[in-house]
Amino acid sequence: MELYLFGENFFEKHLLTSAGQLTELLKGPHKIWLNISGLGDHKLISELGNLLNIHSLTIEDIMDAGQRPKFEEFDDFVFVSTKMIYTKRALEELEIEQISLLIGPNYVITFQENHKDVFDPIRTRLENPTGRMRKLGSDYFAYTLINAITDHYYKVMEMVSEANEDLEDQIIKARKKVKLEDLYIHRKTLQEIRKNTWPMREIISDWKKSDHPVLNEKNQIYLNDTYEHTIEILENLELQRETITTLVEIYMTQLSIKQNEVMKTLTIIATIFIPLTFIAGVYGMNFTYMPELEWEYSYLIVWVFFILSAGLMLYYFKKKNWF
Amino acid sequence: MELYLFGENFFEKHLLTSAGQLTELLKGPHKIWLNISGLGDHKLISELGNLLNIHSLTIEDIMDAGQRPKFEEFDDFVFVSTKMIYTKRALEELEIEQISLLIGPNYVITFQENHKDVFDPIRTRLENPTGRMRKLGSDYFAYTLINAITDHYYKVMEMVSEANEDLEDQIIKARKKVKLEDLYIHRKTLQEIRKNTWPMREIISDWKKSDHPVLNEKNQIYLNDTYEHTIEILENLELQRETITTLVEIYMTQLSIKQNEVMKTLTIIATIFIPLTFIAGVYGMNFTYMPELEWEYSYLIVWVFFILSAGLMLYYFKKKNWF
Amino acid sequence: MELYLFGENFFEKHLLTSAGQLTELLKGPHKIWLNISGLGDHKLISELGNLLNIHSLTIEDIMDAGQRPKFEEFDDFVFVSTKMIYTKRALEELEIEQISLLIGPNYVITFQENHKDVFDPIRTRLENPTGRMRKLGSDYFAYTLINAITDHYYKVMEMVSEANEDLEDQIIKARKKVKLEDLYIHRKTLQEIRKNTWPMREIISDWKKSDHPVLNEKNQIYLNDTYEHTIEILENLELQRETITTLVEIYMTQLSIKQNEVMKTLTIIATIFIPLTFIAGVYGMNFTYMPELEWEYSYLIVWVFFILSAGLMLYYFKKKNWF
Amino acid sequence: MELYLFGENFFEKHLLTSAGQLTELLKGPHKIWLNISGLGDHKLISELGNLLNIHSLTIEDIMDAGQRPKFEEFDDFVFVSTKMIYTKRALEELEIEQISLLIGPNYVITFQENHKDVFDPIRTRLENPTGRMRKLGSDYFAYTLINAITDHYYKVMEMVSEANEDLEDQIIKARKKVKLEDLYIHRKTLQEIRKNTWPMREIISDWKKSDHPVLNEKNQIYLNDTYEHTIEILENLELQRETITTLVEIYMTQLSIKQNEVMKTLTIIATIFIPLTFIAGVYGMNFTYMPELEWEYSYLIVWVFFILSAGLMLYYFKKKNWF
Amino acid sequence: MELYLFGENFFEKHLLTSAGQLTELLKGPHKIWLNISGLGDHKLISELGNLLNIHSLTIEDIMDAGQRPKFEEFDDFVFVSTKMIYTKRALEELEIEQISLLIGPNYVITFQENHKDVFDPIRTRLENPTGRMRKLGSDYFAYTLINAITDHYYKVMEMVSEANEDLEDQIIKARKKVKLEDLYIHRKTLQEIRKNTWPMREIISDWKKSDHPVLNEKNQIYLNDTYEHTIEILENLELQRETITTLVEIYMTQLSIKQNEVMKTLTIIATIFIPLTFIAGVYGMNFTYMPELEWEYSYLIVWVFFILSAGLMLYYFKKKNWF
């Protein structure tokens, strides 16, 4: 339980161990950011729930990491539940972590599944006494948190874009051997990002339209950006999806073209030589009475026939544009 | 006809045999849950209809198991008709059972097609005197019932997910022989779940927005969860569907790639040996005048030609990236 | 022109020959159902139009069988135009017949293209003096008519479902030879049903919401059922369509798999024997100087080579999982 | 510049040469239809624009034939811009011509790209002194014009339907050789009709809802028909499109089936005879020591082997359902 | 920093170097167009931001070239951010440049990424003292700018159309060898144009509906055109997309047809000659006891068999419509 107390001329960082310590601080003059990493300590979270008068269903939402992102208004605070997406490399399994925000009049409480988060730049900016974050209310602080989360989506999207360009190189340019597995994983990644990003649009839209007292109308303008980023990410995902569909289609067409070429090669060779081999076979027969065998020019004539026949075939295939 | 009478400090379980017994109880101080399993007893159900002043169309809706799920408000009660989905194993035919709820001021009546249901945990919780179920009204009790139903959808979805992962293993990883029938049954299962889950969204949304007197506004918050679960299930179904589509596409591509390889093998072998066989055939002809036959180095030259020709062909196929 | 006069204690059936006869009856105490089969008698219909003050455009709508279904309100009556769908067997051409209803304060007039209709059960129920149909107003009577029409859609849908199951058997189970024509006709049937059912949804929705004086608000509840039936039929159609799409896809995949097998058989046989045949051809050449021919163990060695070569090939194909 | 002056008891046709002549007539008691064919005479059109107080942007809309259809209300008149579609034969390039209507209190001015139009029946009906066209206002006249235009779409649709049935015959019934070009042109035609019909829906919907003073509310009912025709055409186009998609799919499946048959034929013949030819080749070798050659029954045995082997192969293919 | 001062009788062009110079001019009687090319000079832009009271988020939007187009209203001005699309040739990478407009009561400020723009015709028209641009307000001027931008989209669309027609020629008419890469690039271009054009629709719609004081209601009519152009471009893009889909489908079908023909050729030749070659092989065997070899007419009979067999095969293939 990281605790940050801050105001225009004030900044302190504590490590909290029990919910009780918070009671006094909430009445104090400073803004509070309480960051709880790990959802294992049920007792602590329900103590906090009693302290802040949180409905038991909301407590369940905070603790159940499989929740769909949502925005809910309560009497004393606003509750936002969303997802952080991590990835180390493209085409790797995504890590999805739930993060819940309680935005009260002078506090923001964040609940994370584990210790990894995307808030380090915010921790740094918080130490800067002249920053807007120190001057404006807890709603502005919550906005910077949500913004940090969606900004991280961009980084994930960049990796996805790169993976897409790799696939493009494999299929369109280098015509390297394509790993179908990559294609599949790639699509699943896009699906999963979409599943987690799609509700963000709704949440931030609700947040923007909310007139809850803890949300200062003046600061709502800062959400516009986040809203547009979310839409951009969704549009981008749609583009990536279409690109993959197109790539698969082109890959299938390439396969068809190649198969056609293979077939043509086989057909040309077989069609030319099979009849000739038959003729050679005929004059290899051992019948006693085969008048041609004794003729002086038979062998020459047969060769002339072989060459003419092959030539005609080739001409026919040429005319049919087979090579 | 299972009958549960319960209140904050009261819990009794009866087995009712006629509708008439209910008249007194409805006027009593206790909340009532009447669970009717089996829709065969027309007389009993219409007696109950008369007793509670149920419209004949609603009676028909209760008895006709093929109904689309719906939410309807009447003067004295709220009528909800929905579906329970059972499955023993993935890729097995689903069992769909209709369940109708009548929610009155102090009673909930459930009509089921047969004795199997998903309410055992509720029966257990009802015996617990400190549970919310005993304190809050009949609307909260109805909410726990509907929640039990949608929670069971999750279990079905899990089996479907597993079947999907099996298919994924078959196609993507182990490249085992794929049973097309499985694919077909799988899709049909998804369709059927969707058909029965889709109207749930609407019903619960109507329920949430309803301001019918038997529905206590304070308890409506408990429906939010159920609503979100339904949306999650629908989103999940959509994901599963896309995954299957992708899998089928990849399977088709694998088939094309394999066919291409088969064709290449055939073409390489045939293209190399068919012309050579022709040449061998030529020198197997029995013409009297074939000067080459007597030359001393003919046989050697022919072998040199065979080897060169095969080598050239192989070089050509190599250059074309055929192997 | 079938004419039914009915009231709570009254029932008569007449055959009308001219529109004039109607004038008196309309002022009478009884409810009237006038059923006109055949749209050929222009004069009669326009006389009726004048009598009842029907706009000329509505007359045109009644007479033009190609009309899109619609619901329109006029001063004195409500006009509903819809379609009856008949089919004898699945995969047979559908018969679509237009039927128009004029619903006035104490009369319902139906205009049909020909004598075939789906109203026989209604004719029977009309003779029953205790039925609701006799007690409630003309709007309820119109509801029973429209209900009879949509109920008949179910029968058509059942035949379509059966045809779908036949296709399923052909493709998935028995793997019988599939008739592509069936598939095509099946899809066209679904399209045509959809084209005629889709506007029903809108019409009945408009009807439900209408507050026209001839429509008794109390009876509107009876339309809910019809509305839900229509939605069910549309959802069912959508399911059938998806099923066909899936079936076609699976059929295409089966074809690909079969072609792959055929290709493999050819390739295995050809790849084993073509090189061997070449070797046999070589030793069938008639060169004078072929040292191997005289060696004692040549023939044996050649056979050993034949068997080894074939064995190796088979091993290679086995390893490649070709059989 | 064709000019028609008409009223209940009046009908005159003039050929106007300058816009100035119109000034007097507009003040007169008669309704006016001015039909301007050809958009080349810029001066005349802008004179007219000044006379009638038309905004320069509207003048531009009239003159620019590439405009999207639209409906706009101005102080003195209503402006409608739409498209006429001509075609001589199915699968021929469509001719699209823009037609703009200015509907004033007592005049309708039509601007066409060239002299060809679909208004001849209207010219004829105008001469009939008892027609509604002569009695009702300029808005009713405009309605007949727009109705004539959409009616003509039906004729185009009929040709498209016929072309579709031809394709159906080619693919499904006669299994004639399909011209892929036809398929492509057919689709493009559907697209182009759709592109021009789609905005009609919106236009007529706007027109219907408009309460501009030149549009008599009573006559708006006549637009219902046109609106429904437009929707019907759009639904029909959608059906045609689906039909083509289905046809293409079936055609592809037919191709696959045929290819499968061709492959099977090849495989059966090759698989039977290639091994036999190898055996024949073996006994055609010229080794000195080949003991079988001298055996008395060798030749017979070989033939028995040939026939047995071929028979076994055929049995195997039969069992695999290959023929 | 190009600066244009203009009014009904006034026109001057300046090159501004610092934001400070602007202060006086903004209070002056003339309308101002300030065009800033290049977003590198952060200091200048933020000076300008302070001078005009621009929110820091808007400054960020101006400087971040990756922004999604948008329309925002502020107290003193309206902010529009959009994209210019350049292309030299079809199937070349598009150049997308962001352009932001600040529309104040008497000024328009444009921020471009670099010096290339589409405003030269506007610069020329500005010098014309009788043009509307000089008379009407800054909002009209902004309209001409946005119109110039969307007009340029048409030029890009024309190139895309031409590329599409080339593809059509390649596939449908000349049946030239198709470059799959072209197809891919073409689709990506369409996607990118769409991505940048799609938000334009929304922006201009918002602009049209805006009642911000700097936007004169009378001039809003000029936006209608731009709005319709945007819709036309989007509809056109949709058409192009469908066309490409159709072309790809036809190309795939052509490939299948060709492959079918290749297969048939191979099968006909192989099926005729492989059995004959076997027979020839049989009579080339060297068994001592082969009675047929000595018969006088054996050779003749064999030839008769060869010809009959080939003839029968050809007849069979003819009947199967294989050539």
# chains A, B, ... in the order shown; residues from 1 in each chain; ligands from 1

$ interface_residues --of "chain A" --to "chain B" --cutoff "8 Å" --atoms "only C-alpha atoms" --output "JSON, numbers by chain"
{"A": [57, 68, 180, 181, 184, 188, 191, 195, 252, 255, 258, 259, 262, 263, 265, 266, 269, 270, 273, 274, 276, 277, 280, 281, 282, 283, 284, 285, 286, 292, 293, 294, 295, 296, 297, 298, 299]}

$ select_by_dssp --residues "stretch 124-246 of chain B" --states "alpha helix (DSSP H)" --output "NGL selection string"
:B and (124-127 or 132-135 or 138-168 or 180-209 or 221-246)

$ residues_around --residues "E:Ile45" --least-positions-apart "3" --cutoff "10 Å" --atoms "only C-alpha atoms" --output "ChimeraX atom specification"
/E:18-19,36,39-42,48-51,59,62-63,111

$ write_last_selection --atoms "N, CA, C and O atoms" --output "tab-separated table (two decimals), in the first residue's frame"
chain	number	residue	atom	x	y	z
E	18	SER	N	7.78	37.15	-35.95
E	18	SER	CA	7.48	36.85	-34.53
E	18	SER	C	6.00	37.03	-34.26
E	18	SER	O	5.31	37.79	-34.94
E	19	ALA	N	5.52	36.30	-33.25
E	19	ALA	CA	4.11	36.34	-32.91
E	19	ALA	C	3.67	37.73	-32.46
E	19	ALA	O	2.53	38.15	-32.67
E	36	ILE	N	1.14	29.19	-41.19
E	36	ILE	CA	2.40	28.75	-40.59
E	36	ILE	C	2.77	27.38	-41.14
E	36	ILE	O	2.06	26.41	-40.92
E	39	LEU	N	5.99	22.72	-38.23
E	39	LEU	CA	5.58	22.74	-36.83
E	39	LEU	C	6.78	22.67	-35.89
E	39	LEU	O	6.67	22.39	-34.71
E	40	GLY	N	7.99	22.96	-36.45
E	40	GLY	CA	9.20	22.80	-35.67
E	40	GLY	C	9.41	23.91	-34.65
E	40	GLY	O	9.97	23.69	-33.57
E	41	ASP	N	8.95	25.12	-34.96
E	41	ASP	CA	9.26	26.27	-34.10
E	41	ASP	C	8.30	26.32	-32.90
E	41	ASP	O	7.34	27.09	-32.87
E	42	HIS	N	8.61	25.49	-31.89
E	42	HIS	CA	7.73	25.38	-30.72
E	42	HIS	C	7.52	26.71	-30.03
E	42	HIS	O	6.42	27.03	-29.59
E	48	LEU	N	2.22	32.34	-29.86
E	48	LEU	CA	0.94	32.56	-30.53
E	48	LEU	C	-0.20	32.05	-29.65
E	48	LEU	O	-1.26	32.66	-29.54
E	49	GLY	N	0.05	30.88	-29.01
E	49	GLY	CA	-0.94	30.29	-28.11
E	49	GLY	C	-1.29	31.24	-26.98
E	49	GLY	O	-2.47	31.46	-26.67
E	50	ASN	N	-0.27	31.84	-26.37
E	50	ASN	CA	-0.52	32.79	-25.28
E	50	ASN	C	-1.29	34.01	-25.79
E	50	ASN	O	-2.24	34.47	-25.16
E	51	LEU	N	-0.83	34.53	-26.91
E	51	LEU	CA	-1.44	35.73	-27.50
E	51	LEU	C	-2.94	35.54	-27.73
E	51	LEU	O	-3.75	36.41	-27.44
E	59	ILE	N	-2.80	23.34	-28.34
E	59	ILE	CA	-1.43	23.51	-28.87
E	59	ILE	C	-0.82	22.14	-29.15
E	59	ILE	O	-0.23	21.91	-30.21
E	62	ILE	N	-2.21	20.71	-32.28
E	62	ILE	CA	-1.64	21.34	-33.49
E	62	ILE	C	-0.29	20.74	-33.81
E	62	ILE	O	0.02	20.47	-34.98
E	63	MET	N	0.50	20.52	-32.78
E	63	MET	CA	1.87	20.08	-33.01
E	63	MET	C	2.00	18.58	-33.27
E	63	MET	O	2.96	18.14	-33.90
E	111	PHE	N	-2.02	25.94	-39.62
E	111	PHE	CA	-0.75	25.32	-39.24
E	111	PHE	C	-0.54	24.10	-40.12
E	111	PHE	O	-1.34	23.17	-40.08

$ atom_distance --atom1 "atom CA of E:Thr245" --atom2 "atom CA of A:Asp166"
24.0 Å

$ residues_around --residues "E:Asn196" --least-positions-apart "5" --cutoff "12 Å" --atoms "only C-alpha atoms" --output "compact mmCIF listing (two decimals) with all heavy atoms, in the first residue's frame"
# COMPACT_ATOMS: atom_id res chain seq x y z
N GLU A 232 -8.76 6.14 -31.75
CA GLU A 232 -7.68 5.88 -32.70
C GLU A 232 -7.19 4.45 -32.60
O GLU A 232 -6.93 3.79 -33.61
CB GLU A 232 -6.51 6.82 -32.39
CG GLU A 232 -6.35 7.92 -33.43
CD GLU A 232 -5.07 8.65 -33.18
OE1 GLU A 232 -5.11 9.57 -32.33
OE2 GLU A 232 -4.05 8.30 -33.80
N GLU A 235 -9.71 2.20 -34.23
CA GLU A 235 -9.65 2.31 -35.70
C GLU A 235 -8.43 1.59 -36.24
O GLU A 235 -8.47 0.93 -37.27
CB GLU A 235 -9.62 3.78 -36.11
CG GLU A 235 -10.96 4.48 -36.00
CD GLU A 235 -10.90 5.92 -36.45
OE1 GLU A 235 -9.78 6.44 -36.69
OE2 GLU A 235 -11.95 6.56 -36.56
N ASN A 236 -7.34 1.76 -35.51
CA ASN A 236 -6.09 1.13 -35.91
C ASN A 236 -6.22 -0.40 -35.88
O ASN A 236 -5.79 -1.09 -36.81
CB ASN A 236 -4.99 1.58 -34.94
CG ASN A 236 -3.64 1.52 -35.59
OD1 ASN A 236 -3.46 0.81 -36.57
ND2 ASN A 236 -2.68 2.24 -35.05
N GLY E 66 0.05 13.27 -35.66
CA GLY E 66 -0.67 12.00 -35.73
C GLY E 66 -2.10 12.09 -35.22
O GLY E 66 -2.78 11.09 -35.09
N GLN E 67 -2.57 13.30 -34.92
CA GLN E 67 -3.91 13.50 -34.39
C GLN E 67 -5.01 13.03 -35.32
O GLN E 67 -4.86 13.08 -36.53
CB GLN E 67 -4.16 15.01 -34.16
CG GLN E 67 -3.62 15.53 -32.87
CD GLN E 67 -4.31 14.90 -31.71
OE1 GLN E 67 -5.52 14.89 -31.66
NE2 GLN E 67 -3.56 14.33 -30.79
N ARG E 68 -6.10 12.61 -34.73
CA ARG E 68 -7.31 12.34 -35.48
C ARG E 68 -7.98 13.67 -35.80
O ARG E 68 -8.03 14.53 -34.93
CB ARG E 68 -8.26 11.53 -34.59
CG ARG E 68 -8.93 10.41 -35.32
CD ARG E 68 -9.80 9.61 -34.41
NE ARG E 68 -10.90 9.10 -35.18
CZ ARG E 68 -12.15 9.51 -35.09
NH1 ARG E 68 -12.49 10.43 -34.24
NH2 ARG E 68 -13.09 8.99 -35.86
N PRO E 69 -8.50 13.87 -37.04
CA PRO E 69 -9.18 15.13 -37.35
C PRO E 69 -10.26 15.44 -36.33
O PRO E 69 -10.92 14.54 -35.82
CB PRO E 69 -9.79 14.85 -38.73
CG PRO E 69 -8.92 13.83 -39.34
CD PRO E 69 -8.42 12.99 -38.21
N LYS E 70 -10.42 16.72 -35.98
CA LYS E 70 -11.51 17.07 -35.07
C LYS E 70 -11.97 18.52 -35.21
O LYS E 70 -11.30 19.34 -35.83
CB LYS E 70 -11.09 16.77 -33.62
CG LYS E 70 -9.98 17.60 -33.04
CD LYS E 70 -9.94 17.28 -31.54
CE LYS E 70 -8.58 17.55 -30.94
NZ LYS E 70 -8.55 17.14 -29.53
N SER E 81 -9.06 20.55 -37.07
CA SER E 81 -7.84 19.85 -37.45
C SER E 81 -8.21 18.83 -38.51
O SER E 81 -9.13 18.05 -38.34
CB SER E 81 -7.24 19.19 -36.21
OG SER E 81 -6.35 18.18 -36.60
N THR E 82 -7.49 18.83 -39.64
CA THR E 82 -7.84 17.89 -40.71
C THR E 82 -6.58 17.44 -41.43
O THR E 82 -5.47 17.71 -40.97
CB THR E 82 -8.87 18.52 -41.66
OG1 THR E 82 -9.19 17.59 -42.65
CG2 THR E 82 -8.37 19.80 -42.28
N LYS E 83 -6.73 16.71 -42.50
CA LYS E 83 -5.59 16.12 -43.21
C LYS E 83 -5.62 16.49 -44.69
O LYS E 83 -6.69 16.48 -45.30
CB LYS E 83 -5.66 14.58 -43.13
CG LYS E 83 -5.74 14.02 -41.75
CD LYS E 83 -4.40 13.96 -41.07
CE LYS E 83 -4.55 13.41 -39.66
NZ LYS E 83 -3.31 13.48 -38.89
N MET E 84 -4.46 16.79 -45.25
CA MET E 84 -4.34 16.89 -46.70
C MET E 84 -3.70 15.60 -47.21
O MET E 84 -2.77 15.09 -46.60
CB MET E 84 -3.50 18.10 -47.07
CG MET E 84 -4.21 19.42 -46.74
SD MET E 84 -3.43 20.86 -47.47
CE MET E 84 -1.99 21.00 -46.42
N ILE E 85 -4.21 15.09 -48.31
CA ILE E 85 -3.67 13.85 -48.89
C ILE E 85 -3.05 14.17 -50.24
O ILE E 85 -3.70 14.76 -51.10
CB ILE E 85 -4.79 12.80 -49.08
CG1 ILE E 85 -5.52 12.56 -47.76
CG2 ILE E 85 -4.24 11.51 -49.62
CD1 ILE E 85 -6.69 11.61 -47.89
N TYR E 86 -1.79 13.83 -50.41
CA TYR E 86 -1.12 14.01 -51.70
C TYR E 86 -0.75 12.65 -52.27
O TYR E 86 -0.43 11.73 -51.54
CB TYR E 86 0.19 14.79 -51.56
CG TYR E 86 0.04 16.11 -50.88
CD1 TYR E 86 0.52 16.29 -49.59
CD2 TYR E 86 -0.56 17.17 -51.54
CE1 TYR E 86 0.39 17.51 -48.96
CE2 TYR E 86 -0.68 18.40 -50.91
CZ TYR E 86 -0.21 18.56 -49.61
OH TYR E 86 -0.34 19.76 -48.99
N LEU E 94 0.92 7.16 -50.22
CA LEU E 94 0.27 8.47 -50.04
C LEU E 94 1.10 9.33 -49.09
O LEU E 94 1.75 8.81 -48.19
CB LEU E 94 -1.11 8.29 -49.41
CG LEU E 94 -2.19 7.60 -50.22
CD1 LEU E 94 -3.43 7.43 -49.37
CD2 LEU E 94 -2.51 8.39 -51.46
N GLU E 95 1.05 10.62 -49.30
CA GLU E 95 1.59 11.55 -48.30
C GLU E 95 0.41 12.17 -47.57
O GLU E 95 -0.46 12.77 -48.19
CB GLU E 95 2.35 12.68 -48.98
CG GLU E 95 3.83 12.45 -49.15
CD GLU E 95 4.44 13.61 -49.89
OE1 GLU E 95 4.55 14.71 -49.31
OE2 GLU E 95 4.76 13.44 -51.07
N ILE E 96 0.39 12.03 -46.26
CA ILE E 96 -0.68 12.60 -45.46
C ILE E 96 -0.10 13.73 -44.63
O ILE E 96 0.89 13.54 -43.93
CB ILE E 96 -1.28 11.56 -44.51
CG1 ILE E 96 -1.58 10.25 -45.20
CG2 ILE E 96 -2.51 12.11 -43.78
CD1 ILE E 96 -2.81 10.19 -46.01
N GLU E 97 -0.66 14.92 -44.74
CA GLU E 97 -0.16 16.04 -43.95
C GLU E 97 -1.29 16.63 -43.11
O GLU E 97 -2.38 16.86 -43.62
CB GLU E 97 0.40 17.11 -44.89
CG GLU E 97 1.17 18.16 -44.16
CD GLU E 97 1.45 19.36 -45.04
OE1 GLU E 97 1.68 19.17 -46.24
OE2 GLU E 97 1.40 20.48 -44.52
N GLN E 98 -0.98 16.86 -41.84
CA GLN E 98 -2.01 17.45 -40.97
C GLN E 98 -2.08 18.95 -41.19
O GLN E 98 -1.07 19.62 -41.37
CB GLN E 98 -1.68 17.15 -39.52
CG GLN E 98 -2.64 17.84 -38.56
CD GLN E 98 -2.58 17.23 -37.19
OE1 GLN E 98 -2.70 16.02 -37.05
NE2 GLN E 98 -2.41 18.05 -36.19
N ILE E 149 -9.26 21.64 -49.59
CA ILE E 149 -8.70 20.37 -49.11
C ILE E 149 -9.52 19.19 -49.61
O ILE E 149 -8.98 18.23 -50.17
CB ILE E 149 -8.62 20.38 -47.55
CG1 ILE E 149 -7.54 21.36 -47.10
CG2 ILE E 149 -8.33 19.00 -47.01
CD1 ILE E 149 -7.59 21.72 -45.64
N THR E 150 -10.84 19.27 -49.44
CA THR E 150 -11.66 18.12 -49.89
C THR E 150 -11.66 18.00 -51.41
O THR E 150 -11.72 16.89 -51.94
CB THR E 150 -13.12 18.21 -49.39
OG1 THR E 150 -13.63 19.50 -49.69
CG2 THR E 150 -13.20 17.99 -47.90
N TYR E 153 -9.01 15.81 -52.44
CA TYR E 153 -9.30 14.38 -52.27
C TYR E 153 -9.83 13.78 -53.57
O TYR E 153 -9.54 12.65 -53.91
CB TYR E 153 -10.37 14.14 -51.18
CG TYR E 153 -9.95 14.44 -49.77
CD1 TYR E 153 -10.86 14.35 -48.72
CD2 TYR E 153 -8.66 14.81 -49.46
CE1 TYR E 153 -10.50 14.62 -47.42
CE2 TYR E 153 -8.29 15.09 -48.15
CZ TYR E 153 -9.20 14.99 -47.14
OH TYR E 153 -8.84 15.26 -45.85
N THR E 189 -4.00 1.71 -49.89
CA THR E 189 -4.25 3.12 -50.22
C THR E 189 -5.69 3.47 -49.92
O THR E 189 -5.99 4.50 -49.29
CB THR E 189 -3.94 3.37 -51.71
OG1 THR E 189 -2.65 2.88 -52.00
CG2 THR E 189 -4.01 4.84 -52.03
N LEU E 190 -6.61 2.62 -50.36
CA LEU E 190 -8.02 2.88 -50.09
C LEU E 190 -8.28 2.98 -48.59
O LEU E 190 -8.99 3.87 -48.13
CB LEU E 190 -8.90 1.77 -50.69
CG LEU E 190 -9.07 1.79 -52.21
CD1 LEU E 190 -9.90 0.60 -52.65
CD2 LEU E 190 -9.72 3.07 -52.67
N GLN E 191 -7.69 2.06 -47.85
CA GLN E 191 -7.84 2.08 -46.39
C GLN E 191 -7.36 3.39 -45.80
O GLN E 191 -8.00 3.98 -44.93
CB GLN E 191 -7.04 0.96 -45.76
CG GLN E 191 -7.74 -0.37 -45.73
CD GLN E 191 -6.88 -1.41 -45.03
OE1 GLN E 191 -5.76 -1.13 -44.65
NE2 GLN E 191 -7.41 -2.62 -44.89
N ARG E 201 -16.33 13.74 -42.39
CA ARG E 201 -17.77 13.75 -42.42
C ARG E 201 -18.35 14.30 -41.12
O ARG E 201 -19.20 15.20 -41.12
CB ARG E 201 -18.22 12.30 -42.60
CG ARG E 201 -19.68 12.13 -42.73
CD ARG E 201 -20.00 10.64 -42.78
NE ARG E 201 -21.41 10.47 -43.01
CZ ARG E 201 -21.94 9.43 -43.63
NH1 ARG E 201 -21.17 8.49 -44.08
NH2 ARG E 201 -23.24 9.34 -43.80
N GLU E 202 -17.83 13.76 -40.04
CA GLU E 202 -18.25 14.16 -38.71
C GLU E 202 -17.91 15.61 -38.44
O GLU E 202 -18.73 16.38 -37.92
CB GLU E 202 -17.46 13.28 -37.74
CG GLU E 202 -18.17 12.83 -36.50
CD GLU E 202 -17.21 11.92 -35.74
OE1 GLU E 202 -16.68 10.96 -36.35
OE2 GLU E 202 -16.95 12.22 -34.57
N ILE E 203 -16.67 15.97 -38.77
CA ILE E 203 -16.19 17.33 -38.52
C ILE E 203 -17.08 18.35 -39.20
O ILE E 203 -17.51 19.34 -38.60
CB ILE E 203 -14.74 17.48 -39.05
CG1 ILE E 203 -13.79 16.72 -38.16
CG2 ILE E 203 -14.35 18.93 -39.14
CD1 ILE E 203 -12.42 16.61 -38.75
N THR E 230 -17.67 15.07 -49.32
CA THR E 230 -17.07 14.07 -48.42
C THR E 230 -17.85 12.76 -48.47
O THR E 230 -17.27 11.68 -48.57
CB THR E 230 -17.05 14.61 -46.98
OG1 THR E 230 -16.55 15.95 -47.01
CG2 THR E 230 -16.17 13.78 -46.10
N ILE E 233 -17.12 10.99 -51.66
CA ILE E 233 -15.81 10.32 -51.64
C ILE E 233 -15.90 9.02 -50.86
O ILE E 233 -15.38 7.99 -51.30
CB ILE E 233 -14.74 11.27 -51.04
CG1 ILE E 233 -14.42 12.38 -52.05
CG2 ILE E 233 -13.48 10.52 -50.67
CD1 ILE E 233 -13.75 13.57 -51.44
N LEU E 234 -16.60 9.06 -49.75
CA LEU E 234 -16.73 7.84 -48.94
C LEU E 234 -17.52 6.77 -49.67
O LEU E 234 -17.15 5.58 -49.65
CB LEU E 234 -17.39 8.16 -47.60
CG LEU E 234 -16.49 8.92 -46.62
CD1 LEU E 234 -17.28 9.44 -45.44
CD2 LEU E 234 -15.34 8.06 -46.14
N LEU E 237 -15.24 5.36 -52.30
CA LEU E 237 -14.27 4.45 -51.71
C LEU E 237 -14.90 3.07 -51.49
O LEU E 237 -14.27 2.04 -51.76
CB LEU E 237 -13.79 4.99 -50.37
CG LEU E 237 -12.71 6.06 -50.38
CD1 LEU E 237 -12.56 6.67 -48.99
CD2 LEU E 237 -11.38 5.48 -50.83

$ atom_distance --atom1 "atom CA of C:Val78" --atom2 "atom CA of C:Asn219"
15.0 Å
